[in-house]
$ cat final.cif   # mmCIF, C-alpha atoms
data_upload
#
loop_
_atom_site.label_atom_id
_atom_site.label_comp_id
_atom_site.auth_asym_id
_atom_site.auth_seq_id
_atom_site.Cartn_x
_atom_site.Cartn_y
_atom_site.Cartn_z
CA MET G 1 -21.75 13.56 -171.11
CA ALA G 2 -18.42 11.79 -171.34
CA VAL G 3 -19.00 8.64 -169.33
CA MET G 4 -16.36 6.10 -170.35
CA ARG G 5 -17.26 2.70 -168.93
CA MET G 6 -18.68 0.70 -166.05
CA GLY G 7 -15.88 1.25 -163.58
CA TYR G 8 -16.92 -1.01 -160.72
CA MET G 9 -19.45 -3.60 -159.63
CA HIS G 10 -20.14 -4.12 -155.91
CA VAL G 11 -21.96 -7.28 -154.83
CA LYS G 12 -22.72 -9.14 -151.62
CA VAL G 13 -21.42 -12.65 -151.03
CA THR G 14 -22.49 -15.14 -148.38
CA ASP G 15 -19.02 -16.47 -147.58
CA LEU G 16 -16.09 -14.13 -147.97
CA ALA G 17 -13.38 -16.79 -147.96
CA GLU G 18 -15.03 -18.78 -150.75
CA ALA G 19 -15.74 -15.64 -152.75
CA LYS G 20 -12.12 -14.47 -152.41
CA ASP G 21 -10.93 -17.83 -153.69
CA HIS G 22 -13.27 -17.56 -156.68
CA TYR G 23 -12.47 -14.01 -157.74
CA ALA G 24 -8.74 -14.27 -157.10
CA ASN G 25 -7.88 -17.85 -158.04
CA THR G 26 -10.57 -18.81 -160.54
CA VAL G 27 -11.37 -15.51 -162.23
CA GLY G 28 -7.79 -14.33 -161.81
CA LEU G 29 -8.42 -10.84 -160.47
CA TYR G 30 -5.84 -9.05 -158.33
CA GLN G 31 -6.77 -8.05 -154.78
CA THR G 32 -5.85 -4.46 -154.05
CA LEU G 33 -7.53 -3.86 -150.70
CA GLU G 34 -9.37 -5.64 -147.90
CA GLN G 35 -11.15 -3.39 -145.46
CA ASP G 36 -14.39 -3.29 -143.41
CA GLY G 37 -15.65 -6.65 -144.64
CA LYS G 38 -15.11 -5.70 -148.27
CA VAL G 39 -12.47 -6.94 -150.68
CA TYR G 40 -11.46 -4.99 -153.78
CA TYR G 41 -10.18 -6.47 -157.05
CA LYS G 42 -8.94 -5.34 -160.46
CA GLY G 43 -8.35 -7.13 -163.74
CA TRP G 44 -4.88 -7.32 -165.25
CA ASP G 45 -5.72 -4.94 -168.06
CA GLU G 46 -7.25 -2.27 -165.84
CA TRP G 47 -5.39 0.76 -164.50
CA ASP G 48 -7.65 1.98 -161.71
CA HIS G 49 -7.63 0.67 -158.14
CA HIS G 50 -10.54 -1.75 -158.50
CA SER G 51 -13.40 -2.93 -160.67
CA VAL G 52 -15.00 -5.57 -158.44
CA VAL G 53 -15.96 -5.16 -154.78
CA ILE G 54 -17.27 -8.10 -152.78
CA GLU G 55 -18.86 -7.63 -149.37
CA GLU G 56 -19.75 -10.35 -146.91
CA GLY G 57 -23.36 -10.72 -145.80
CA GLY G 58 -26.18 -11.69 -148.16
CA ILE G 59 -26.07 -11.85 -151.92
CA GLY G 60 -26.69 -9.70 -154.94
CA PHE G 61 -26.31 -6.15 -156.16
CA VAL G 62 -25.12 -3.37 -153.87
CA ARG G 63 -24.16 -0.68 -156.39
CA CYS G 64 -22.19 -0.15 -159.56
CA GLY G 65 -20.16 2.82 -160.70
CA PHE G 66 -19.63 4.45 -164.09
CA LYS G 67 -16.48 6.47 -164.61
CA ALA G 68 -16.77 9.84 -166.33
CA GLU G 69 -13.87 11.84 -167.74
CA ARG G 70 -14.34 15.02 -165.74
CA PRO G 71 -16.31 16.38 -162.76
CA GLU G 72 -18.20 18.61 -165.20
CA ASP G 73 -19.56 15.49 -166.88
CA ILE G 74 -20.99 14.31 -163.59
CA ALA G 75 -22.50 17.71 -162.88
CA ASP G 76 -24.18 17.48 -166.27
CA ILE G 77 -25.66 14.06 -165.45
CA GLU G 78 -26.81 15.36 -162.07
CA THR G 79 -28.59 18.32 -163.61
CA LYS G 80 -30.34 16.15 -166.15
CA ALA G 81 -31.25 13.45 -163.64
CA LEU G 82 -32.73 15.95 -161.19
CA ALA G 83 -34.70 17.57 -164.00
CA MET G 84 -36.12 14.18 -164.90
CA GLY G 85 -37.06 13.51 -161.28
CA TYR G 86 -34.55 10.84 -160.35
CA PRO G 87 -33.30 10.74 -156.75
CA VAL G 88 -29.69 11.95 -156.78
CA GLU G 89 -27.38 11.95 -153.79
CA ARG G 90 -23.92 13.40 -153.60
CA MET G 91 -21.21 10.79 -153.10
CA ALA G 92 -18.30 12.07 -151.05
CA ALA G 93 -14.74 11.15 -151.88
CA GLY G 94 -13.78 8.08 -149.87
CA GLU G 95 -17.35 6.93 -149.24
CA ASN G 96 -16.40 4.09 -151.55
CA ALA G 97 -12.77 3.34 -150.80
CA GLU G 98 -10.35 4.93 -153.27
CA VAL G 99 -13.19 6.58 -155.24
CA GLY G 100 -13.38 10.38 -155.57
CA ASP G 101 -16.38 12.70 -155.45
CA GLY G 102 -19.44 11.82 -157.45
CA ILE G 103 -23.16 11.24 -157.38
CA THR G 104 -25.44 8.27 -156.78
CA VAL G 105 -28.65 7.98 -158.80
CA THR G 106 -31.30 5.58 -157.54
CA LEU G 107 -33.18 3.98 -160.42
CA PRO G 108 -36.94 3.29 -160.12
CA SER G 109 -35.92 -0.34 -159.58
CA GLY G 110 -33.94 0.64 -156.50
CA HIS G 111 -30.56 -0.05 -158.09
CA ARG G 112 -27.96 2.50 -156.99
CA ILE G 113 -25.76 3.76 -159.84
CA ASP G 114 -22.70 5.84 -158.96
CA PHE G 115 -20.96 8.28 -161.26
CA TYR G 116 -17.39 9.33 -160.44
CA SER G 117 -14.45 10.81 -162.27
CA SER G 118 -11.47 9.79 -160.20
CA MET G 119 -10.22 6.62 -158.59
CA THR G 120 -6.81 5.91 -157.10
CA ALA G 121 -4.53 4.83 -159.91
CA TRP G 122 -3.00 1.38 -159.59
CA GLY G 123 -1.37 0.59 -162.92
CA LEU G 124 -1.55 -2.09 -165.57
CA GLU G 125 -0.01 -5.48 -164.77
CA VAL G 126 2.08 -5.26 -167.93
CA GLY G 127 2.87 -1.60 -167.32
CA THR G 128 2.90 1.13 -169.95
CA HIS G 129 6.59 1.19 -170.86
CA ASN G 130 7.46 -1.21 -173.68
CA PRO G 131 4.87 -3.66 -172.37
CA ASP G 132 4.42 -7.36 -173.03
CA SER G 133 1.11 -8.62 -174.37
CA PHE G 134 -0.19 -10.19 -171.15
CA PRO G 135 1.09 -10.85 -167.63
CA ARG G 136 3.59 -13.72 -167.53
CA HIS G 137 1.88 -15.37 -164.57
CA MET G 138 -1.83 -15.03 -165.28
CA VAL G 139 -4.04 -16.85 -162.82
CA GLY G 140 -6.99 -19.08 -163.72
CA ILE G 141 -9.33 -17.44 -166.18
CA GLY G 142 -7.14 -14.33 -166.26
CA ALA G 143 -10.03 -11.92 -166.76
CA PRO G 144 -8.58 -8.69 -168.18
CA ARG G 145 -11.39 -6.28 -167.31
CA LEU G 146 -14.94 -5.73 -166.09
CA ASP G 147 -17.17 -5.07 -169.06
CA HIS G 148 -20.88 -4.81 -168.25
CA ALA G 149 -23.84 -5.96 -166.20
CA LEU G 150 -27.43 -6.99 -166.84
CA LEU G 151 -30.00 -5.83 -164.30
CA TRP G 152 -33.54 -7.07 -163.73
CA VAL G 153 -35.92 -4.11 -163.57
CA GLY G 154 -39.66 -3.64 -163.66
CA ASP G 155 -39.77 -0.95 -166.36
CA VAL G 156 -37.16 -1.38 -169.07
CA ALA G 157 -38.20 1.47 -171.37
CA GLY G 158 -38.45 3.88 -168.46
CA THR G 159 -35.09 2.88 -167.00
CA GLU G 160 -33.49 3.00 -170.44
CA LYS G 161 -34.53 6.66 -170.67
CA PHE G 162 -32.31 7.52 -167.72
CA PHE G 163 -29.26 6.07 -169.44
CA THR G 164 -30.05 7.58 -172.84
CA ASP G 165 -31.28 11.02 -171.79
CA CYS G 166 -29.04 11.67 -168.77
CA VAL G 167 -25.93 9.66 -169.54
CA GLY G 168 -25.82 9.74 -173.33
CA MET G 169 -25.97 6.02 -173.97
CA TRP G 170 -27.85 4.42 -176.82
CA ALA G 171 -29.36 1.00 -177.46
CA THR G 172 -27.45 -1.40 -179.68
CA GLU G 173 -30.03 -4.18 -179.38
CA ARG G 174 -33.47 -4.67 -177.89
CA VAL G 175 -35.94 -7.44 -177.33
CA GLN G 176 -39.42 -6.16 -178.13
CA THR G 177 -42.84 -7.77 -178.23
CA SER G 178 -43.00 -7.11 -181.98
CA LEU G 179 -41.17 -5.33 -184.79
CA ASP G 180 -43.67 -2.44 -184.70
CA ASP G 181 -42.64 1.00 -183.49
CA ASP G 182 -45.05 0.90 -180.58
CA ALA G 183 -43.87 -2.49 -179.34
CA HIS G 184 -43.21 -2.99 -175.63
CA THR G 185 -39.54 -3.23 -174.73
CA ILE G 186 -38.69 -6.40 -172.83
CA ALA G 187 -34.93 -5.93 -172.73
CA THR G 188 -32.32 -3.46 -173.93
CA TRP G 189 -28.54 -3.37 -174.38
CA LEU G 190 -27.02 0.08 -173.90
CA THR G 191 -23.59 1.42 -174.78
CA ILE G 192 -21.58 4.57 -174.29
CA GLY G 193 -19.63 3.70 -177.41
CA GLU G 194 -16.68 1.45 -176.56
CA SER G 195 -18.09 -1.91 -175.50
CA ASN G 196 -21.01 -3.51 -177.30
CA HIS G 197 -22.94 -2.78 -174.14
CA ASP G 198 -22.02 -1.26 -170.80
CA ILE G 199 -25.33 -1.99 -169.14
CA ALA G 200 -28.33 -4.07 -170.11
CA LEU G 201 -31.82 -4.21 -168.64
CA LEU G 202 -34.27 -7.11 -168.61
CA GLU G 203 -37.89 -6.95 -167.54
CA ALA G 204 -38.55 -9.04 -164.45
CA PRO G 205 -40.87 -9.07 -161.43
CA GLU G 206 -37.97 -8.58 -159.01
CA ASN G 207 -35.24 -5.96 -159.00
CA LYS G 208 -32.03 -7.94 -158.98
CA ILE G 209 -28.80 -8.45 -160.87
CA HIS G 210 -28.80 -11.11 -163.57
CA HIS G 211 -25.04 -11.09 -164.15
CA PHE G 212 -21.90 -9.01 -164.43
CA ALA G 213 -19.35 -9.75 -167.10
CA PHE G 214 -15.63 -9.76 -167.76
CA GLU G 215 -14.38 -9.12 -171.27
CA MET G 216 -12.04 -11.79 -172.60
CA ARG G 217 -9.64 -11.58 -175.54
CA GLY G 218 -11.30 -14.10 -177.85
CA TRP G 219 -12.91 -17.48 -178.33
CA SER G 220 -9.84 -19.48 -177.31
CA ASP G 221 -9.76 -17.58 -174.02
CA ILE G 222 -13.41 -18.46 -173.52
CA LEU G 223 -12.61 -22.15 -174.01
CA HIS G 224 -9.67 -21.86 -171.63
CA ALA G 225 -11.97 -20.22 -169.08
CA ALA G 226 -14.38 -23.16 -169.29
CA ASP G 227 -11.53 -25.58 -168.65
CA ILE G 228 -10.56 -23.60 -165.54
CA MET G 229 -14.18 -23.73 -164.37
CA ALA G 230 -14.11 -27.51 -164.72
CA MET G 231 -10.89 -27.69 -162.72
CA ASP G 232 -12.29 -25.42 -160.01
CA ASP G 233 -15.73 -27.14 -159.94
CA VAL G 234 -17.55 -23.94 -160.85
CA PRO G 235 -21.20 -24.46 -161.88
CA ILE G 236 -21.75 -23.35 -165.45
CA ASP G 237 -25.15 -21.97 -166.43
CA ILE G 238 -24.39 -22.24 -170.16
CA GLY G 239 -21.47 -22.16 -172.51
CA PRO G 240 -19.04 -21.87 -174.10
CA THR G 241 -21.44 -20.68 -176.77
CA ARG G 242 -22.46 -17.59 -178.70
CA HIS G 243 -25.19 -15.06 -178.04
CA GLY G 244 -27.43 -14.07 -180.92
CA ILE G 245 -27.71 -10.69 -179.23
CA THR G 246 -24.36 -8.89 -179.70
CA ARG G 247 -22.82 -11.94 -181.46
CA GLY G 248 -20.54 -12.20 -178.48
CA THR G 249 -19.16 -15.53 -177.29
CA THR G 250 -19.88 -16.38 -173.71
CA ILE G 251 -19.98 -18.55 -170.64
CA TYR G 252 -22.37 -17.83 -167.80
CA PHE G 253 -21.24 -19.27 -164.47
CA PHE G 254 -21.91 -18.80 -160.76
CA ASP G 255 -19.71 -17.50 -157.97
CA PRO G 256 -19.80 -19.43 -154.67
CA SER G 257 -22.75 -17.35 -153.44
CA GLY G 258 -24.83 -17.87 -156.55
CA ASN G 259 -24.15 -14.49 -158.18
CA ARG G 260 -23.92 -15.04 -161.93
CA ASN G 261 -20.69 -14.03 -163.70
CA GLU G 262 -19.98 -14.03 -167.42
CA THR G 263 -16.84 -14.31 -169.52
CA PHE G 264 -17.70 -12.49 -172.72
CA SER G 265 -15.82 -11.78 -175.90
CA GLY G 266 -16.58 -10.21 -179.24
CA GLY G 267 -19.54 -8.15 -180.28
CA TYR G 268 -19.18 -5.55 -183.00
CA ARG G 269 -18.12 -1.94 -183.36
CA CYS G 270 -20.78 0.39 -182.03
CA PHE G 271 -21.38 3.74 -183.68
CA ARG G 272 -24.23 6.05 -182.79
CA ASP G 273 -25.57 5.73 -186.31
CA ARG G 274 -25.68 1.93 -186.37
CA PRO G 275 -29.31 0.86 -186.61
CA THR G 276 -30.61 -0.83 -183.46
CA VAL G 277 -31.06 -4.59 -183.71
CA VAL G 278 -34.47 -5.91 -182.65
CA TRP G 279 -35.36 -9.40 -181.45
CA THR G 280 -38.83 -10.79 -180.85
CA PRO G 281 -39.80 -13.23 -178.08
CA ASP G 282 -40.37 -16.12 -180.47
CA GLN G 283 -36.65 -15.99 -181.22
CA LEU G 284 -35.47 -15.47 -177.66
CA GLY G 285 -33.76 -18.87 -177.66
CA LYS G 286 -31.62 -17.84 -180.64
CA ALA G 287 -31.13 -14.40 -179.14
CA ILE G 288 -29.60 -15.66 -175.92
CA PHE G 289 -28.18 -19.03 -176.98
CA TYR G 290 -27.48 -18.73 -180.69
CA HIS G 291 -26.33 -22.31 -181.29
CA GLN G 292 -28.83 -24.20 -179.17
CA ARG G 293 -31.67 -21.87 -180.12
CA GLU G 294 -33.57 -22.77 -176.96
CA LEU G 295 -33.58 -21.29 -173.49
CA ASN G 296 -32.45 -23.33 -170.53
CA GLU G 297 -34.30 -23.43 -167.23
CA ARG G 298 -32.02 -20.94 -165.56
CA PHE G 299 -31.59 -17.95 -167.86
CA LEU G 300 -34.93 -16.30 -167.17
CA THR G 301 -35.36 -17.58 -163.62
CA VAL G 302 -32.07 -17.24 -161.75
CA ALA G 303 -30.83 -13.92 -160.42
CA THR G 304 -29.52 -12.62 -157.10
CA MET X 1 -25.88 -44.32 -145.41
CA PRO X 2 -29.03 -42.20 -145.29
CA ARG X 3 -31.88 -42.83 -147.70
CA LEU X 4 -33.45 -39.94 -149.57
CA THR X 5 -37.04 -40.51 -150.65
CA VAL X 6 -38.74 -38.18 -153.13
CA ALA X 7 -42.39 -38.47 -152.19
CA SER X 8 -43.72 -36.71 -155.27
CA ASP X 9 -42.06 -39.30 -157.50
CA ASP X 10 -41.82 -42.44 -155.37
CA VAL X 11 -38.05 -42.49 -155.86
CA GLU X 12 -35.47 -43.59 -153.29
CA VAL X 13 -31.70 -43.05 -153.47
CA ASP X 14 -28.71 -43.46 -151.18
CA VAL X 15 -26.98 -40.33 -149.87
CA ASN X 16 -23.22 -40.33 -149.43
CA GLU X 17 -21.55 -38.79 -146.39
CA GLY X 18 -21.82 -35.00 -146.56
CA GLU X 19 -23.73 -35.05 -149.85
CA THR X 20 -26.50 -32.56 -150.53
CA ILE X 21 -29.96 -33.54 -151.74
CA LEU X 22 -29.11 -32.14 -155.17
CA GLU X 23 -25.84 -34.06 -155.39
CA ALA X 24 -27.47 -37.35 -154.33
CA LEU X 25 -30.25 -37.06 -156.89
CA TYR X 26 -28.01 -36.01 -159.77
CA ARG X 27 -25.44 -38.69 -158.96
CA ASN X 28 -28.23 -41.22 -159.38
CA GLY X 29 -29.20 -39.92 -162.78
CA TYR X 30 -32.18 -37.73 -161.86
CA ALA X 31 -32.71 -34.06 -162.68
CA TYR X 32 -35.09 -31.35 -161.56
CA ARG X 33 -35.29 -27.56 -161.65
CA ILE X 34 -32.07 -26.13 -160.22
CA GLY X 35 -30.25 -22.84 -160.60
CA CYS X 36 -26.91 -21.64 -159.40
CA ARG X 37 -26.25 -24.77 -157.35
CA ARG X 38 -24.54 -22.55 -154.78
CA GLY X 39 -27.28 -21.43 -152.47
CA GLY X 40 -27.86 -17.98 -153.92
CA CYS X 41 -30.80 -18.03 -156.28
CA ALA X 42 -33.46 -19.91 -154.25
CA ILE X 43 -34.76 -21.81 -157.28
CA CYS X 44 -34.12 -25.33 -155.91
CA LYS X 45 -36.33 -25.17 -152.82
CA VAL X 46 -38.10 -28.40 -151.92
CA ASP X 47 -40.33 -29.36 -149.00
CA LEU X 48 -38.92 -31.54 -146.26
CA VAL X 49 -41.69 -34.00 -145.45
CA GLU X 50 -39.81 -36.18 -143.01
CA GLY X 51 -36.38 -36.16 -141.39
CA GLU X 52 -33.74 -33.50 -140.82
CA VAL X 53 -31.18 -31.63 -142.86
CA GLU X 54 -28.20 -29.53 -141.93
CA TYR X 55 -26.42 -26.71 -143.74
CA ASN X 56 -22.62 -26.77 -143.68
CA ARG X 57 -22.29 -23.55 -145.66
CA THR X 58 -23.79 -20.14 -145.07
CA VAL X 59 -27.15 -19.63 -146.70
CA ALA X 60 -28.29 -16.02 -146.94
CA GLU X 61 -31.38 -15.16 -144.89
CA GLU X 62 -33.01 -13.62 -147.94
CA VAL X 63 -32.66 -16.92 -149.80
CA LEU X 64 -33.95 -19.24 -147.07
CA SER X 65 -35.26 -17.56 -143.95
CA LYS X 66 -35.38 -19.03 -140.45
CA GLN X 67 -39.16 -18.97 -140.82
CA GLU X 68 -38.99 -21.05 -144.01
CA LYS X 69 -36.60 -23.52 -142.40
CA ALA X 70 -39.01 -23.90 -139.51
CA GLU X 71 -41.79 -24.58 -141.99
CA GLY X 72 -39.76 -27.44 -143.44
CA ILE X 73 -38.63 -25.73 -146.62
CA CYS X 74 -35.10 -26.61 -147.61
CA LEU X 75 -32.60 -25.43 -150.21
CA SER X 76 -31.77 -28.68 -151.94
CA CYS X 77 -28.39 -27.56 -153.29
CA ARG X 78 -27.10 -26.87 -149.80
CA ALA X 79 -29.15 -29.19 -147.56
CA VAL X 80 -27.31 -32.28 -146.28
CA PRO X 81 -29.59 -35.07 -144.97
CA VAL X 82 -29.04 -36.08 -141.35
CA GLY X 83 -30.34 -39.65 -141.38
CA ASP X 84 -33.18 -40.74 -143.65
CA VAL X 85 -35.20 -37.91 -145.21
CA THR X 86 -38.26 -37.60 -147.39
CA ILE X 87 -38.74 -34.56 -149.63
CA ALA X 88 -41.43 -33.41 -152.01
CA LEU X 89 -40.70 -31.35 -155.11
CA ARG X 90 -42.80 -28.28 -155.76
CA GLU X 91 -45.03 -28.28 -158.81
CA GLU X 92 -42.73 -30.56 -160.77
CA ASN X 93 -41.41 -34.07 -161.01
CA LEU X 94 -38.00 -35.65 -161.20
CA ARG X 95 -36.69 -36.31 -164.68
CA ARG X 96 -34.84 -39.55 -165.28
CA VAL X 97 -31.96 -38.29 -167.42
CA ALA X 98 -29.39 -41.03 -166.92
CA SER X 99 -31.08 -44.18 -165.67
CA LEU X 100 -27.90 -46.23 -166.05
CA LEU X 101 -26.12 -44.13 -163.41
CA ALA X 102 -28.13 -45.68 -160.60
CA PHE X 103 -27.50 -49.11 -162.07
CA PHE X 104 -23.71 -48.56 -162.30
CA GLN X 105 -23.48 -47.43 -158.71
CA LYS X 106 -25.29 -50.44 -157.33
CA ALA X 107 -22.87 -52.82 -159.03
#

$ encode --input "final.cif" --output "structure tokens"
Amino acid sequence: MAVMRMGYMHVKVTDLAEAKDHYANTVGLYQTLEQDGKVYYKGWDEWDHHSVVIEEGGIGFVRCGFKAERPEDIADIETKALAMGYPVERMAAGENAEVGDGITVTLPSGHRIDFYSSMTAWGLEVGTHNPDSFPRHMVGIGAPRLDHALLWVGDVAGTEKFFTDCVGMWATERVQTSLDDDAHTIATWLTIGESNHDIALLEAPENKIHHFAFEMRGWSDILHAADIMAMDDVPIDIGPTRHGITRGTTIYFFDPSGNRNETFSGGYRCFRDRPTVVWTPDQLGKAIFYHQRELNERFLTVAT
Amino acid sequence: MPRLTVASDDVEVDVNEGETILEALYRNGYAYRIGCRRGGCAICKVDLVEGEVEYNRTVAEEVLSKQEKAEGICLSCRAVPVGDVTIALREENLRRVASLLAFFQKA
């Protein structure tokens, strides 16, 4: 079940020109393709064709894709998903531009999750031969790579089971109603083993996307990102600050359509045998906003 | 310069050329429940009691539908008053977070 990472995030944007300006000039992604009302971007430290797809018309989640090492890994996920009763469709090569064959699993929440094993190679901005440490002419925030997303779903525990039982992920942290074993799961952070989390799920009455995140290189990059947001008049939801959950440092901000982005850095090494961290609702302020220790008006209410 | 009246709070502020309802209120030191400030999350809806607004940027149909617009619901982060307008907040009141701002701008 060798899924490696969240390979791409595809969202709708209301105004393509404004969104292009945001993702290229503010976030600092590189455009690799514009076709059929969609624009494709990659971060400077990514080697595949794209990690972010924006499409004009509406707002919010369209689909996201996880990259697996080999076609056999996808076949394995397909077998398990079908056995568990999830709707699985075959995804033909080219259905998503520059993406090879794969499958699409539709979660109970309606979110479409693709699994693929090949994407057109593009190359790292710094190359792989005697490379420098970052691109000489980084733009804006200079986001190196897509890291994860948090989805709003109706049934967190049930949806988590897909990712653990079919994909081989495990939970690094959860928010539960209590510390008891039979507590109800309100939110969960799931990893395949590299990032602190590749996908997270939060219980909500609507099936939406809460945010998708770019991994930054450290706290000073987070501060730099906030300065760029000030220069580019980007609304900040919160930050720069630290999350209690994952210990990562963060800024939540909004793209011109209202989709929430995050610049995230840190976390801790995840091993399968690390005990899962548990948070309770009375400490949710500390869990999300570790320094302020109180929620703002937007975190639990705004999603697209 | 149009006047924006908030009926639920008996507050009146000036609106600059091209300014949204949200911008006018915040510039005068008031706050209320807002979200992304970019027309995507639908949190900042208010009711248009009197007057007209226009939208200079695309607002997604799923955020504010034609039906809602016809019913006088407006997205305060994107709605620009055309002439004097009166709005009512929904189930909340304005917060006075920086009362000196209004004073500074009158001077």

$ closest_residue --input "final.cif" --among "X:Asp14, X:Glu62, X:Asp9, X:Glu50" --to "chain G" --atoms "all atoms listed in the file"
X:Glu62

$ interface_residues --input "final.cif" --of "chain G" --to "chain X" --cutoff "8 Å" --atoms "all atoms listed in the file" --output "JSON, numbers by chain"
{"G": [14, 15, 57, 58, 59, 235, 237, 253, 254, 255, 256, 257, 258, 259, 260, 297, 298, 301, 302, 303, 304]}

$ resolve_selection --input "final.cif" --expression "the PyMOL selection byres ((chain X and resi 54) around 8)" --output "ChimeraX atom specification"
/X:52-53,55-56,79-82

$ atom_distance --input "final.cif" --atom1 "CA of Thr5 (chain X)" --atom2 "CA of Ile87 (chain X)"
6.3 Å

$ residues_around --input "final.cif" --residues "Ser195 (chain G)" --least-positions-apart "3" --cutoff "10 Å" --atoms "all atoms listed in the file" --output "count of residues only"
16

$ resolve_selection --input "final.cif" --expression "the PyMOL selection byres ((chain X and resi 15-25) around 7)" --output "CSV table (one decimal) with C-alpha atoms, in the coordinates of the input"
chain,number,residue,atom,x,y,z
X,1,MET,CA,-25.9,-44.3,-145.4
X,2,PRO,CA,-29.0,-42.2,-145.3
X,3,ARG,CA,-31.9,-42.8,-147.7
X,4,LEU,CA,-33.4,-39.9,-149.6
X,13,VAL,CA,-31.7,-43.0,-153.5
X,14,ASP,CA,-28.7,-43.5,-151.2
X,26,TYR,CA,-28.0,-36.0,-159.8
X,27,ARG,CA,-25.4,-38.7,-159.0
X,28,ASN,CA,-28.2,-41.2,-159.4
X,29,GLY,CA,-29.2,-39.9,-162.8
X,30,TYR,CA,-32.2,-37.7,-161.9
X,31,ALA,CA,-32.7,-34.1,-162.7
X,76,SER,CA,-31.8,-28.7,-151.9
X,77,CYS,CA,-28.4,-27.6,-153.3
X,78,ARG,CA,-27.1,-26.9,-149.8
X,79,ALA,CA,-29.2,-29.2,-147.6
X,80,VAL,CA,-27.3,-32.3,-146.3
X,81,PRO,CA,-29.6,-35.1,-145.0

$ atom_distance --input "final.cif" --atom1 "CA of Arg293 (chain G)" --atom2 "CA of Ala204 (chain G)"
21.4 Å

$ resolve_selection --input "final.cif" --expression "the PyMOL selection byres ((chain G and resi 238-249) around 6)" --output "mmCIF file with C-alpha atoms, keeping the file's coordinate frame"
data_model
loop_
_atom_site.group_PDB
_atom_site.id
_atom_site.type_symbol
_atom_site.label_atom_id
_atom_site.label_comp_id
_atom_site.auth_asym_id
_atom_site.auth_seq_id
_atom_site.Cartn_x
_atom_site.Cartn_y
_atom_site.Cartn_z
ATOM 1 C CA ILE G 236 -21.750 -23.350 -165.450
ATOM 2 C CA ASP G 237 -25.150 -21.970 -166.430
ATOM 3 C CA THR G 250 -19.880 -16.380 -173.710
ATOM 4 C CA ILE G 251 -19.980 -18.550 -170.640
ATOM 5 C CA TYR G 252 -22.370 -17.830 -167.800
ATOM 6 C CA PHE G 264 -17.700 -12.490 -172.720
ATOM 7 C CA SER G 265 -15.820 -11.780 -175.900
ATOM 8 C CA GLY G 266 -16.580 -10.210 -179.240
ATOM 9 C CA GLY G 267 -19.540 -8.150 -180.280
ATOM 10 C CA LYS G 286 -31.620 -17.840 -180.640
ATOM 11 C CA ALA G 287 -31.130 -14.400 -179.140
ATOM 12 C CA ILE G 288 -29.600 -15.660 -175.920
ATOM 13 C CA PHE G 289 -28.180 -19.030 -176.980
ATOM 14 C CA TYR G 290 -27.480 -18.730 -180.690
#

$ atom_distance --input "final.cif" --atom1 "CA of His10 (chain G)" --atom2 "CA of Glu55 (chain G)"
7.5 Å

$ build_atoms --input "final.cif" --residues "region 5-15 of chain X" --atoms "N, CA and C atoms" --output "PDB file, in the frame of the given file"
ATOM      1  N   THR X   5     -35.834 -40.145-149.919  1.00  0.00           N
ATOM      2  CA  THR X   5     -37.040 -40.510-150.650  1.00  0.00           C
ATOM      3  C   THR X   5     -37.659 -39.249-151.219  1.00  0.00           C
ATOM      4  N   VAL X   6     -38.043 -39.303-152.497  1.00  0.00           N
ATOM      5  CA  VAL X   6     -38.740 -38.180-153.130  1.00  0.00           C
ATOM      6  C   VAL X   6     -40.201 -38.577-153.224  1.00  0.00           C
ATOM      7  N   ALA X   7     -41.005 -38.035-152.312  1.00  0.00           N
ATOM      8  CA  ALA X   7     -42.390 -38.470-152.190  1.00  0.00           C
ATOM      9  C   ALA X   7     -43.188 -38.215-153.459  1.00  0.00           C
ATOM     10  N   SER X   8     -42.932 -37.074-154.094  1.00  0.00           N
ATOM     11  CA  SER X   8     -43.720 -36.710-155.270  1.00  0.00           C
ATOM     12  C   SER X   8     -43.474 -37.666-156.440  1.00  0.00           C
ATOM     13  N   ASP X   9     -42.403 -38.444-156.367  1.00  0.00           N
ATOM     14  CA  ASP X   9     -42.060 -39.300-157.500  1.00  0.00           C
ATOM     15  C   ASP X   9     -41.877 -40.757-157.117  1.00  0.00           C
ATOM     16  N   ASP X  10     -42.012 -41.061-155.826  1.00  0.00           N
ATOM     17  CA  ASP X  10     -41.820 -42.440-155.370  1.00  0.00           C
ATOM     18  C   ASP X  10     -40.440 -42.961-155.774  1.00  0.00           C
ATOM     19  N   VAL X  11     -39.424 -42.127-155.535  1.00  0.00           N
ATOM     20  CA  VAL X  11     -38.050 -42.490-155.860  1.00  0.00           C
ATOM     21  C   VAL X  11     -37.247 -42.514-154.568  1.00  0.00           C
ATOM     22  N   GLU X  12     -36.325 -43.480-154.477  1.00  0.00           N
ATOM     23  CA  GLU X  12     -35.470 -43.590-153.290  1.00  0.00           C
ATOM     24  C   GLU X  12     -34.028 -43.723-153.729  1.00  0.00           C
ATOM     25  N   VAL X  13     -33.127 -42.920-153.145  1.00  0.00           N
ATOM     26  CA  VAL X  13     -31.700 -43.050-153.470  1.00  0.00           C
ATOM     27  C   VAL X  13     -30.872 -43.029-152.192  1.00  0.00           C
ATOM     28  N   ASP X  14     -29.656 -43.552-152.284  1.00  0.00           N
ATOM     29  CA  ASP X  14     -28.710 -43.460-151.180  1.00  0.00           C
ATOM     30  C   ASP X  14     -28.060 -42.078-151.178  1.00  0.00           C
ATOM     31  N   VAL X  15     -27.680 -41.614-149.983  1.00  0.00           N
ATOM     32  CA  VAL X  15     -26.980 -40.330-149.870  1.00  0.00           C
ATOM     33  C   VAL X  15     -25.603 -40.600-149.278  1.00  0.00           C
TER      34      VAL X  15
END
